[in-house]
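Novice: So here's coords_35.pdb, just PDB, C-alpha atoms and all ligand atoms:
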```pdb
MODEL        1
ATOM      1  CA  MET A 442      95.784 121.249 104.809  1.00  0.00           C
ATOM      2  CA  SER A 443      96.183 118.315 102.461  1.00  0.00           C
ATOM      3  CA  SER A 444      96.219 114.882 104.096  1.00  0.00           C
ATOM      4  CA  SER A 445      99.295 114.099 102.001  1.00  0.00           C
ATOM      5  CA  GLN A 446     101.245 117.007 103.414  1.00  0.00           C
ATOM      6  CA  GLY A 447     104.481 115.857 104.981  1.00  0.00           C
ATOM      7  CA  PHE A 448     104.289 112.588 103.048  1.00  0.00           C
ATOM      8  CA  LYS A 449     107.707 112.351 101.400  1.00  0.00           C
ATOM      9  CA  PRO A 450     108.774 108.765 100.795  1.00  0.00           C
ATOM     10  CA  GLU A 451     112.319 108.021  99.665  1.00  0.00           C
ATOM     11  CA  TRP A 452     112.279 106.769  96.071  1.00  0.00           C
ATOM     12  CA  LEU A 453     114.003 103.390  95.778  1.00  0.00           C
ATOM     13  CA  PRO A 454     112.853 101.954  92.450  1.00  0.00           C
ATOM     14  CA  SER A 455     112.284  98.225  92.051  1.00  0.00           C
ATOM     15  CA  PRO A 456     112.257  96.664  88.565  1.00  0.00           C
ATOM     16  CA  ASN A 457     109.647  94.141  89.735  1.00  0.00           C
ATOM     17  CA  PHE A 458     106.350  95.510  88.452  1.00  0.00           C
ATOM     18  CA  ASN A 459     104.160  95.650  85.351  1.00  0.00           C
ATOM     19  CA  ALA A 460     100.930  97.338  84.241  1.00  0.00           C
ATOM     20  CA  ARG A 461      97.704  96.789  86.155  1.00  0.00           C
ATOM     21  CA  LYS A 462      95.332  94.541  84.205  1.00  0.00           C
ATOM     22  CA  ASN A 463      92.719  96.587  82.300  1.00  0.00           C
ATOM     23  CA  ASN A 464      94.214  99.733  83.825  1.00  0.00           C
ATOM     24  CA  GLN A 465      92.529  98.928  87.128  1.00  0.00           C
ATOM     25  CA  LYS A 466      92.737 101.564  89.830  1.00  0.00           C
ATOM     26  CA  PRO A 467      93.876 100.398  93.251  1.00  0.00           C
ATOM     27  CA  ARG A 468      90.800  99.663  95.378  1.00  0.00           C
ATOM     28  CA  PHE A 469      92.434  97.718  98.178  1.00  0.00           C
ATOM     29  CA  ILE A 470      95.465  98.079 100.438  1.00  0.00           C
ATOM     30  CA  VAL A 471      97.305  94.911 101.496  1.00  0.00           C
ATOM     31  CA  ILE A 472      99.540  95.051 104.585  1.00  0.00           C
ATOM     32  CA  HIS A 473     102.515  92.678 104.904  1.00  0.00           C
ATOM     33  CA  TYR A 474     105.522  91.947 107.062  1.00  0.00           C
ATOM     34  CA  THR A 475     108.838  91.301 105.342  1.00  0.00           C
ATOM     35  CA  ALA A 476     109.812  88.275 107.503  1.00  0.00           C
ATOM     36  CA  MET A 477     113.481  89.207 107.023  1.00  0.00           C
ATOM     37  CA  ASP A 478     116.195  90.001 109.566  1.00  0.00           C
ATOM     38  CA  THR A 479     116.731  93.613 108.484  1.00  0.00           C
ATOM     39  CA  CYS A 480     115.069  96.285 106.401  1.00  0.00           C
ATOM     40  CA  GLU A 481     118.222  96.420 104.218  1.00  0.00           C
ATOM     41  CA  ALA A 482     117.884  92.707 103.433  1.00  0.00           C
ATOM     42  CA  ALA A 483     114.239  93.295 102.497  1.00  0.00           C
ATOM     43  CA  ILE A 484     115.217  96.182 100.188  1.00  0.00           C
ATOM     44  CA  GLY A 485     117.744  93.889  98.483  1.00  0.00           C
ATOM     45  CA  ARG A 486     115.148  91.208  97.917  1.00  0.00           C
ATOM     46  CA  LEU A 487     112.340  93.543  96.808  1.00  0.00           C
ATOM     47  CA  CYS A 488     114.593  95.321  94.301  1.00  0.00           C
ATOM     48  CA  THR A 489     116.333  92.300  92.718  1.00  0.00           C
ATOM     49  CA  PRO A 490     114.828  91.038  89.423  1.00  0.00           C
ATOM     50  CA  LEU A 491     115.650  87.421  90.306  1.00  0.00           C
ATOM     51  CA  HIS A 492     113.169  87.343  93.199  1.00  0.00           C
ATOM     52  CA  GLU A 493     110.212  88.744  91.225  1.00  0.00           C
ATOM     53  CA  VAL A 494     108.691  90.372  94.308  1.00  0.00           C
ATOM     54  CA  SER A 495     108.095  94.001  95.216  1.00  0.00           C
ATOM     55  CA  CYS A 496     105.647  96.309  96.939  1.00  0.00           C
ATOM     56  CA  HIS A 497     104.658  99.951  96.603  1.00  0.00           C
ATOM     57  CA  TYR A 498     105.839 101.045 100.046  1.00  0.00           C
ATOM     58  CA  LEU A 499     108.289  99.607 102.536  1.00  0.00           C
ATOM     59  CA  ILE A 500     108.409 101.027 106.064  1.00  0.00           C
ATOM     60  CA  SER A 501     111.442 100.464 108.293  1.00  0.00           C
ATOM     61  CA  GLY A 502     111.247  99.811 112.013  1.00  0.00           C
ATOM     62  CA  LYS A 503     112.292 103.424 112.599  1.00  0.00           C
ATOM     63  CA  GLY A 504     109.476 104.694 110.407  1.00  0.00           C
ATOM     64  CA  MET A 505     111.424 105.496 107.211  1.00  0.00           C
ATOM     65  CA  VAL A 506     109.087 105.231 104.226  1.00  0.00           C
ATOM     66  CA  TYR A 507     110.520 103.926 100.940  1.00  0.00           C
ATOM     67  CA  GLN A 508     108.553 103.864  97.692  1.00  0.00           C
ATOM     68  CA  LEU A 509     109.600 101.057  95.338  1.00  0.00           C
ATOM     69  CA  VAL A 510     106.850 101.097  92.704  1.00  0.00           C
ATOM     70  CA  LYS A 511     104.595 103.895  91.445  1.00  0.00           C
ATOM     71  CA  GLU A 512     101.082 103.649  92.819  1.00  0.00           C
ATOM     72  CA  ASN A 513      99.473 103.298  89.390  1.00  0.00           C
ATOM     73  CA  GLU A 514     101.725 100.351  88.482  1.00  0.00           C
ATOM     74  CA  ARG A 515     101.188  96.702  89.464  1.00  0.00           C
ATOM     75  CA  ALA A 516     103.664  95.692  92.190  1.00  0.00           C
ATOM     76  CA  TRP A 517     104.168  91.998  92.900  1.00  0.00           C
ATOM     77  CA  HIS A 518     103.267  91.499  96.545  1.00  0.00           C
ATOM     78  CA  ALA A 519      99.981  89.620  96.889  1.00  0.00           C
ATOM     79  CA  GLY A 520     100.447  86.426  94.838  1.00  0.00           C
ATOM     80  CA  ALA A 521      97.841  83.681  94.827  1.00  0.00           C
ATOM     81  CA  GLY A 522      94.669  84.315  96.787  1.00  0.00           C
ATOM     82  CA  GLU A 523      91.245  85.875  96.675  1.00  0.00           C
ATOM     83  CA  TRP A 524      89.360  88.736  98.298  1.00  0.00           C
ATOM     84  CA  LYS A 525      85.797  89.831  97.552  1.00  0.00           C
ATOM     85  CA  GLY A 526      85.797  87.423  94.605  1.00  0.00           C
ATOM     86  CA  LEU A 527      88.893  88.981  93.010  1.00  0.00           C
ATOM     87  CA  GLU A 528      91.926  86.793  92.341  1.00  0.00           C
ATOM     88  CA  ASP A 529      94.470  89.139  90.773  1.00  0.00           C
ATOM     89  CA  LEU A 530      94.853  91.290  93.864  1.00  0.00           C
ATOM     90  CA  ASN A 531      98.090  92.782  92.530  1.00  0.00           C
ATOM     91  CA  SER A 532      96.071  94.518  89.820  1.00  0.00           C
ATOM     92  CA  HIS A 533      93.573  95.833  92.357  1.00  0.00           C
ATOM     93  CA  SER A 534      95.720  96.851  95.310  1.00  0.00           C
ATOM     94  CA  ILE A 535      98.584  98.782  96.817  1.00  0.00           C
ATOM     95  CA  GLY A 536     101.058  96.683  98.796  1.00  0.00           C
ATOM     96  CA  ILE A 537     102.746  97.942 101.959  1.00  0.00           C
ATOM     97  CA  GLU A 538     105.585  95.948 103.538  1.00  0.00           C
ATOM     98  CA  LEU A 539     106.501  96.511 107.180  1.00  0.00           C
ATOM     99  CA  ALA A 540     110.055  95.543 108.075  1.00  0.00           C
ATOM    100  CA  ASN A 541     109.424  92.929 110.764  1.00  0.00           C
ATOM    101  CA  GLN A 542     110.735  89.402 111.240  1.00  0.00           C
ATOM    102  CA  GLY A 543     107.213  88.174 111.806  1.00  0.00           C
ATOM    103  CA  ASN A 544     107.276  87.548 115.528  1.00  0.00           C
ATOM    104  CA  HIS A 545     108.443  90.920 116.849  1.00  0.00           C
ATOM    105  CA  PRO A 546     106.339  93.804 118.154  1.00  0.00           C
ATOM    106  CA  TYR A 547     105.834  96.630 115.665  1.00  0.00           C
ATOM    107  CA  ALA A 548     107.576  99.830 116.778  1.00  0.00           C
ATOM    108  CA  LEU A 549     105.444 102.944 117.194  1.00  0.00           C
ATOM    109  CA  PRO A 550     107.365 105.109 114.659  1.00  0.00           C
ATOM    110  CA  GLN A 551     106.701 102.391 112.072  1.00  0.00           C
ATOM    111  CA  ILE A 552     102.976 102.356 112.877  1.00  0.00           C
ATOM    112  CA  TYR A 553     102.776 106.177 112.758  1.00  0.00           C
ATOM    113  CA  SER A 554     104.366 106.114 109.301  1.00  0.00           C
ATOM    114  CA  LEU A 555     102.009 103.345 108.207  1.00  0.00           C
ATOM    115  CA  GLU A 556      99.057 105.468 109.310  1.00  0.00           C
ATOM    116  CA  ALA A 557     100.356 108.392 107.255  1.00  0.00           C
ATOM    117  CA  VAL A 558     100.774 106.165 104.187  1.00  0.00           C
ATOM    118  CA  LEU A 559      97.264 104.733 104.653  1.00  0.00           C
ATOM    119  CA  ARG A 560      95.730 108.208 104.948  1.00  0.00           C
ATOM    120  CA  HIS A 561      97.606 109.342 101.849  1.00  0.00           C
ATOM    121  CA  LEU A 562      96.392 106.298  99.857  1.00  0.00           C
ATOM    122  CA  MET A 563      92.806 106.484 101.095  1.00  0.00           C
ATOM    123  CA  SER A 564      92.510 110.104 100.046  1.00  0.00           C
ATOM    124  CA  THR A 565      94.393 109.706  96.732  1.00  0.00           C
ATOM    125  CA  TRP A 566      92.423 106.669  95.540  1.00  0.00           C
ATOM    126  CA  ALA A 567      89.195 107.034  97.552  1.00  0.00           C
ATOM    127  CA  ILE A 568      89.801 103.693  99.297  1.00  0.00           C
ATOM    128  CA  PRO A 569      87.292 102.934 102.099  1.00  0.00           C
ATOM    129  CA  ILE A 570      88.468 101.440 105.408  1.00  0.00           C
ATOM    130  CA  HIS A 571      86.844  98.066 104.748  1.00  0.00           C
ATOM    131  CA  ASN A 572      89.224  97.663 101.784  1.00  0.00           C
ATOM    132  CA  ILE A 573      92.314  97.737 104.016  1.00  0.00           C
ATOM    133  CA  ILE A 574      93.329  94.117 104.625  1.00  0.00           C
ATOM    134  CA  GLY A 575      96.201  91.902 105.717  1.00  0.00           C
ATOM    135  CA  HIS A 576      97.990  89.531 103.366  1.00  0.00           C
ATOM    136  CA  SER A 577      96.651  86.622 105.457  1.00  0.00           C
ATOM    137  CA  ASP A 578      93.059  87.793 104.808  1.00  0.00           C
ATOM    138  CA  MET A 579      93.372  87.138 101.080  1.00  0.00           C
ATOM    139  CA  ALA A 580      95.660  84.081 101.270  1.00  0.00           C
ATOM    140  CA  ILE A 581      94.132  81.962 104.053  1.00  0.00           C
ATOM    141  CA  GLY A 582      96.464  79.245 105.294  1.00  0.00           C
ATOM    142  CA  ARG A 583      99.211  80.292 102.862  1.00  0.00           C
ATOM    143  CA  LYS A 584     100.233  83.647 104.335  1.00  0.00           C
ATOM    144  CA  PHE A 585     100.166  84.793 107.952  1.00  0.00           C
ATOM    145  CA  ASP A 586     101.278  88.414 107.730  1.00  0.00           C
ATOM    146  CA  PRO A 587     101.013  90.984 109.232  1.00  0.00           C
ATOM    147  CA  GLY A 588     100.493  88.439 112.037  1.00  0.00           C
ATOM    148  CA  TYR A 589      99.437  88.351 115.678  1.00  0.00           C
ATOM    149  CA  LYS A 590     101.740  91.195 116.721  1.00  0.00           C
ATOM    150  CA  PHE A 591     100.025  93.644 114.391  1.00  0.00           C
ATOM    151  CA  ASP A 592      97.506  95.790 116.282  1.00  0.00           C
ATOM    152  CA  TRP A 593      94.479  96.172 114.008  1.00  0.00           C
ATOM    153  CA  ARG A 594      92.484  97.604 116.910  1.00  0.00           C
ATOM    154  CA  ALA A 595      94.907 100.534 117.178  1.00  0.00           C
ATOM    155  CA  LEU A 596      94.404 101.205 113.453  1.00  0.00           C
ATOM    156  CA  ALA A 597      90.643 100.958 113.939  1.00  0.00           C
ATOM    157  CA  LEU A 598      90.773 103.575 116.721  1.00  0.00           C
ATOM    158  CA  ASN A 599      92.224 105.915 114.075  1.00  0.00           C
ATOM    159  CA  ASN A 600      89.541 104.972 111.532  1.00  0.00           C
ATOM    160  CA  LEU A 601      92.000 102.963 109.448  1.00  0.00           C
ATOM    161  CA  SER A 602      90.473  99.503 109.872  1.00  0.00           C
ATOM    162  CA  ILE A 603      87.080  97.951 110.464  1.00  0.00           C
ATOM    163  CA  TRP A 604      86.505  96.645 113.992  1.00  0.00           C
ATOM    164  CA  PRO A 605      83.457  95.214 115.790  1.00  0.00           C
ATOM    165  CA  LYS A 606      81.449  97.920 117.556  1.00  0.00           C
ATOM    166  CA  LYS A 607      81.009  95.861 120.696  1.00  0.00           C
ATOM    167  CA  GLU A 608      81.628  92.367 122.008  1.00  0.00           C
ATOM    168  CA  THR A 609      78.488  90.286 121.522  1.00  0.00           C
ATOM    169  CA  SER A 610      77.509  86.620 121.523  1.00  0.00           C
ATOM    170  CA  GLU A 611      75.614  84.785 118.819  1.00  0.00           C
ATOM    171  CA  ALA A 612      74.656  81.126 118.507  1.00  0.00           C
ATOM    172  CA  VAL A 613      77.487  78.990 117.091  1.00  0.00           C
ATOM    173  CA  ASN A 614      76.775  77.995 113.510  1.00  0.00           C
ATOM    174  CA  VAL A 615      79.741  76.929 111.361  1.00  0.00           C
ATOM    175  CA  SER A 616      78.046  77.405 108.016  1.00  0.00           C
ATOM    176  CA  GLU A 617      76.763  80.840 108.999  1.00  0.00           C
ATOM    177  CA  PHE A 618      80.252  81.846 110.181  1.00  0.00           C
ATOM    178  CA  VAL A 619      81.665  80.970 106.751  1.00  0.00           C
ATOM    179  CA  SER A 620      78.843  82.845 104.973  1.00  0.00           C
ATOM    180  CA  LEU A 621      79.344  85.983 107.055  1.00  0.00           C
ATOM    181  CA  ALA A 622      83.132  85.832 106.643  1.00  0.00           C
ATOM    182  CA  LYS A 623      82.498  85.598 102.915  1.00  0.00           C
ATOM    183  CA  ALA A 624      80.307  88.704 103.114  1.00  0.00           C
ATOM    184  CA  LEU A 625      83.331  90.530 104.572  1.00  0.00           C
ATOM    185  CA  GLY A 626      85.486  89.392 101.652  1.00  0.00           C
ATOM    186  CA  TYR A 627      87.091  86.142 102.803  1.00  0.00           C
ATOM    187  CA  SER A 628      87.232  83.262 100.349  1.00  0.00           C
ATOM    188  CA  PHE A 629      86.644  79.866 101.941  1.00  0.00           C
ATOM    189  CA  PRO A 630      84.556  76.797 100.971  1.00  0.00           C
ATOM    190  CA  ASN A 631      81.390  76.265 102.986  1.00  0.00           C
ATOM    191  CA  ARG A 632      81.421  72.588 103.954  1.00  0.00           C
ATOM    192  CA  GLY A 633      78.521  72.589 106.404  1.00  0.00           C
ATOM    193  CA  SER A 634      78.651  72.092 110.165  1.00  0.00           C
ATOM    194  CA  ASP A 635      82.085  70.501 110.720  1.00  0.00           C
ATOM    195  CA  LYS A 636      83.998  72.780 113.100  1.00  0.00           C
ATOM    196  CA  GLY A 637      87.347  71.255 112.133  1.00  0.00           C
ATOM    197  CA  SER A 638      86.878  72.178 108.486  1.00  0.00           C
ATOM    198  CA  ILE A 639      87.073  75.922 109.180  1.00  0.00           C
ATOM    199  CA  LYS A 640      90.315  75.923 111.197  1.00  0.00           C
ATOM    200  CA  PRO A 641      92.383  77.934 108.644  1.00  0.00           C
ATOM    201  CA  LEU A 642      89.606  80.523 108.230  1.00  0.00           C
ATOM    202  CA  LEU A 643      89.074  80.817 111.990  1.00  0.00           C
ATOM    203  CA  GLU A 644      92.829  81.257 112.618  1.00  0.00           C
ATOM    204  CA  CYS A 645      93.029  83.948 109.976  1.00  0.00           C
ATOM    205  CA  PHE A 646      89.900  85.752 111.251  1.00  0.00           C
ATOM    206  CA  ARG A 647      91.128  85.648 114.848  1.00  0.00           C
ATOM    207  CA  ALA A 648      94.628  86.838 113.940  1.00  0.00           C
ATOM    208  CA  ARG A 649      92.942  90.009 112.813  1.00  0.00           C
ATOM    209  CA  PHE A 650      89.940  90.517 115.109  1.00  0.00           C
ATOM    210  CA  ARG A 651      90.350  88.272 118.183  1.00  0.00           C
ATOM    211  CA  PRO A 652      94.069  87.451 118.597  1.00  0.00           C
ATOM    212  CA  TRP A 653      93.523  86.397 122.225  1.00  0.00           C
ATOM    213  CA  ALA A 654      90.910  83.726 121.338  1.00  0.00           C
ATOM    214  CA  ARG A 655      91.695  80.001 121.551  1.00  0.00           C
ATOM    215  CA  GLY A 656      89.948  76.719 120.808  1.00  0.00           C
ATOM    216  CA  GLU A 657      87.058  75.908 118.511  1.00  0.00           C
ATOM    217  CA  LEU A 658      84.649  78.402 116.977  1.00  0.00           C
ATOM    218  CA  ASN A 659      82.673  79.973 119.837  1.00  0.00           C
ATOM    219  CA  SER A 660      79.771  82.363 120.380  1.00  0.00           C
ATOM    220  CA  LEU A 661      82.081  85.396 120.646  1.00  0.00           C
ATOM    221  CA  ASP A 662      83.607  84.650 117.222  1.00  0.00           C
ATOM    222  CA  MET A 663      80.028  84.476 115.933  1.00  0.00           C
ATOM    223  CA  GLY A 664      79.144  87.766 117.634  1.00  0.00           C
ATOM    224  CA  CYS A 665      82.278  89.383 116.216  1.00  0.00           C
ATOM    225  CA  VAL A 666      81.594  88.397 112.593  1.00  0.00           C
ATOM    226  CA  HIS A 667      77.933  89.440 113.006  1.00  0.00           C
ATOM    227  CA  SER A 668      78.962  92.812 114.356  1.00  0.00           C
ATOM    228  CA  LEU A 669      81.414  93.371 111.461  1.00  0.00           C
ATOM    229  CA  VAL A 670      78.933  92.423 108.737  1.00  0.00           C
ATOM    230  CA  PHE A 671      75.967  94.283 110.196  1.00  0.00           C
ATOM    231  CA  GLN A 672      77.978  97.361 111.377  1.00  0.00           C
ATOM    232  CA  ASP A 673      75.713  99.861 109.726  1.00  0.00           C
ATOM    233  CA  GLU A 674      72.425  98.435 110.983  1.00  0.00           C
TER     234      GLU A 674
HETATM  235 ZN    ZN B   1     102.907  89.243 102.599  1.00  0.00          ZN
ENDMDL
END
```
Can the structure from this file be put into structure tokens for me?
Ligand SMILES: [Zn+2]

Specialist:
Amino acid sequence: MSSSQGFKPEWLPSPNFNARKNNQKPRFIVIHYTAMDTCEAAIGRLCTPLHEVSCHYLISGKGMVYQLVKENERAWHAGAGEWKGLEDLNSHSIGIELANQGNHPYALPQIYSLEAVLRHLMSTWAIPIHNIIGHSDMAIGRKFDPGYKFDWRALALNNLSIWPKKETSEAVNVSEFVSLAKALGYSFPNRGSDKGSIKPLLECFRARFRPWARGELNSLDMGCVHSLVFQDE
């Protein structure tokens, strides 16, 4: 049975796309929330030339999957940012928008559909799980989606996201935290030992891996980033 079986998105073409630079193949998947009141409003925005934004897939709260741009084309969803040293993420990724106002829980039918889209994309383009990221991961301090309500751990349980193997503690070291985050793909300047300087990176990292954590960088954040970087050892 093909992993794409049963995957039948509704075609809803957006004019907002162009060719991927150097005919790049998508290597990454970027997950977003629409931050709009309704899915219909998001469709209007993503399909209107004036707004110059789009995505490849849009998933409604009820789990309807719309395809707006062909997978081999360059949709306009990621904007400015950097991941694994790459800046033009639109040329290197597939963008998935989840209809969500930004502060609401994600409904299960929507997550089930997302999982089906992710499986389809991973098998079509041979995308590994560590290349599935949130918009906030590549645009630290500028973007916050898919946000604190998005359950990355649930995705990880289905082998659709990286996740630390176990909760461990490591000595707090600001510079090392930045270096290890960089090894995962994050882009952030290493300014030495000042804890305050890494606030945007720490917020972004926690939104994804430790949404319950508060306060300054601590030994569990250190353990978490260690565990993620050295997963295979
Ligand atoms: Zn976004």

Novice: Got a sec to resolve the PyMOL selection byres (((not hetatm)) within 12 of (chain B and resi 1)) on this structure and send the residues as a PyMOL selection string?

Specialist: chain A and resi 470-477+487+494-496+499+517-522+531+535-543+574-581+583-588

Novice: Near region 644-661 of chain A, within 8 Å and counting only C-alpha atoms, which residues show up once chain neighbours fewer than 5 positions away are dropped, as a PDB file with C-alpha atoms, in the frame of the given file?

Specialist:
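Result file result.pdb:
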```
ATOM      1  CA  SER A 577      96.651  86.622 105.457  1.00  0.00           C
ATOM      2  CA  ASP A 578      93.059  87.793 104.808  1.00  0.00           C
ATOM      3  CA  ILE A 581      94.132  81.962 104.053  1.00  0.00           C
ATOM      4  CA  GLY A 582      96.464  79.245 105.294  1.00  0.00           C
ATOM      5  CA  PHE A 585     100.166  84.793 107.952  1.00  0.00           C
ATOM      6  CA  GLY A 588     100.493  88.439 112.037  1.00  0.00           C
ATOM      7  CA  TYR A 589      99.437  88.351 115.678  1.00  0.00           C
ATOM      8  CA  TRP A 593      94.479  96.172 114.008  1.00  0.00           C
ATOM      9  CA  ARG A 594      92.484  97.604 116.910  1.00  0.00           C
ATOM     10  CA  TRP A 604      86.505  96.645 113.992  1.00  0.00           C
ATOM     11  CA  GLU A 608      81.628  92.367 122.008  1.00  0.00           C
ATOM     12  CA  THR A 609      78.488  90.286 121.522  1.00  0.00           C
ATOM     13  CA  SER A 610      77.509  86.620 121.523  1.00  0.00           C
ATOM     14  CA  GLU A 611      75.614  84.785 118.819  1.00  0.00           C
ATOM     15  CA  ALA A 612      74.656  81.126 118.507  1.00  0.00           C
ATOM     16  CA  VAL A 613      77.487  78.990 117.091  1.00  0.00           C
ATOM     17  CA  VAL A 615      79.741  76.929 111.361  1.00  0.00           C
ATOM     18  CA  LYS A 636      83.998  72.780 113.100  1.00  0.00           C
ATOM     19  CA  GLY A 637      87.347  71.255 112.133  1.00  0.00           C
TER      20      GLY A 637
END
```

Novice: Just checking: using only C-alpha atoms, which residue out of A:His533, A:Tyr627, A:Lys466, A:Pro450 ends up closest to Ala557 (chain A)?

Specialist: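 Closest residue, counting only C-alpha atoms: A:Pro450.
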
Novice: Which distance in Å separates CA of His492 (chain A) and CA of Thr479 (chain A), to one decimal?

Specialist: 16.9 Å

Novice: Using the chain letters and residue numbers of this document, give as a PDB file with C-alpha atoms, keeping the file's coordinate frame the residues selected by the PyMOL selection byres (((chain A and resi 631) around 7) and not hetatm).

Specialist:
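expr.pdb was written with the following content:
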```
ATOM      1  CA  SER A 616      78.046  77.405 108.016  1.00  0.00           C
ATOM      2  CA  VAL A 619      81.665  80.970 106.751  1.00  0.00           C
ATOM      3  CA  PHE A 629      86.644  79.866 101.941  1.00  0.00           C
ATOM      4  CA  PRO A 630      84.556  76.797 100.971  1.00  0.00           C
ATOM      5  CA  ARG A 632      81.421  72.588 103.954  1.00  0.00           C
ATOM      6  CA  GLY A 633      78.521  72.589 106.404  1.00  0.00           C
TER       7      GLY A 633
END
```

Novice: Do you have the CA of His545 (chain A)-CA of Ala482 (chain A) distance handy?

Specialist: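 So the two atoms, CA of His545 (chain A) and CA of Ala482 (chain A), lie 16.5 Å apart.
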
Novice: Using the chain letters and residue numbers of this document, give as number ranges by chain the residues selected by the PyMOL selection byres (((chain A and resi 671) around 12) and not hetatm).

Specialist: A: 603-607, 621-622, 624-625, 664-670, 672-674

Novice: Mind giving me the straight-line distance from CA of Ser620 (chain A) to CA of Asn572 (chain A) in Å, one decimal?

Specialist: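 Computed distance, CA of Ser620 (chain A) to CA of Asn572 (chain A), equals 18.4 Å.
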
Novice: Using all atoms listed in the file, can you list as number ranges by chain the residues within 12 Å of (96.1, 108.4, 96.3)?

Specialist: A: 443-445, 448, 466-470, 511-513, 534-535, 557-569

Novice: I'd like to know which of A:Ile639, A:Asn614, A:Asp529, A:Pro550 is closest to Asn463 (chain A), using all atoms listed in the file.

Specialist: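 Counting all atoms listed in the file, the residue closest to Asn463 (chain A) is A:Asp529.
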
Novice: Tell me which of A:Lys590, A:Arg515, A:His571, A:Lys640 sits closest to Asn464 (chain A), counting only C-alpha atoms.

Specialist: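 With only C-alpha atoms as the atom set, the closest residue is A:Arg515.
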
Novice: Box in all listed atoms of region 584-594 of chain A, axis-aligned, with 6 Å more on each side; write out centre and edge lengths in Å to one decimal as JSON.

Specialist:
```
{"center_x": 97.1, "center_y": 90.6, "center_z": 110.6, "size_x": 21.3, "size_y": 26.0, "size_z": 24.6}
```

Novice: Return the single residue from A:Leu596, A:Ser628, A:Pro456, A:Tyr507 that is closest to Pro490 (chain A), with distances computed using only C-alpha atoms.

Specialist: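 Closest to Pro490 (chain A), using only C-alpha atoms: A:Pro456.
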
Novice: Between A:Ser602, A:Gln551, A:Asn459, A:Ser634, which has the minimum distance to Lys503 (chain A) (counting only C-alpha atoms)?

Specialist: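 Answer, going by the shortest atom-to-atom distance: A:Gln551.
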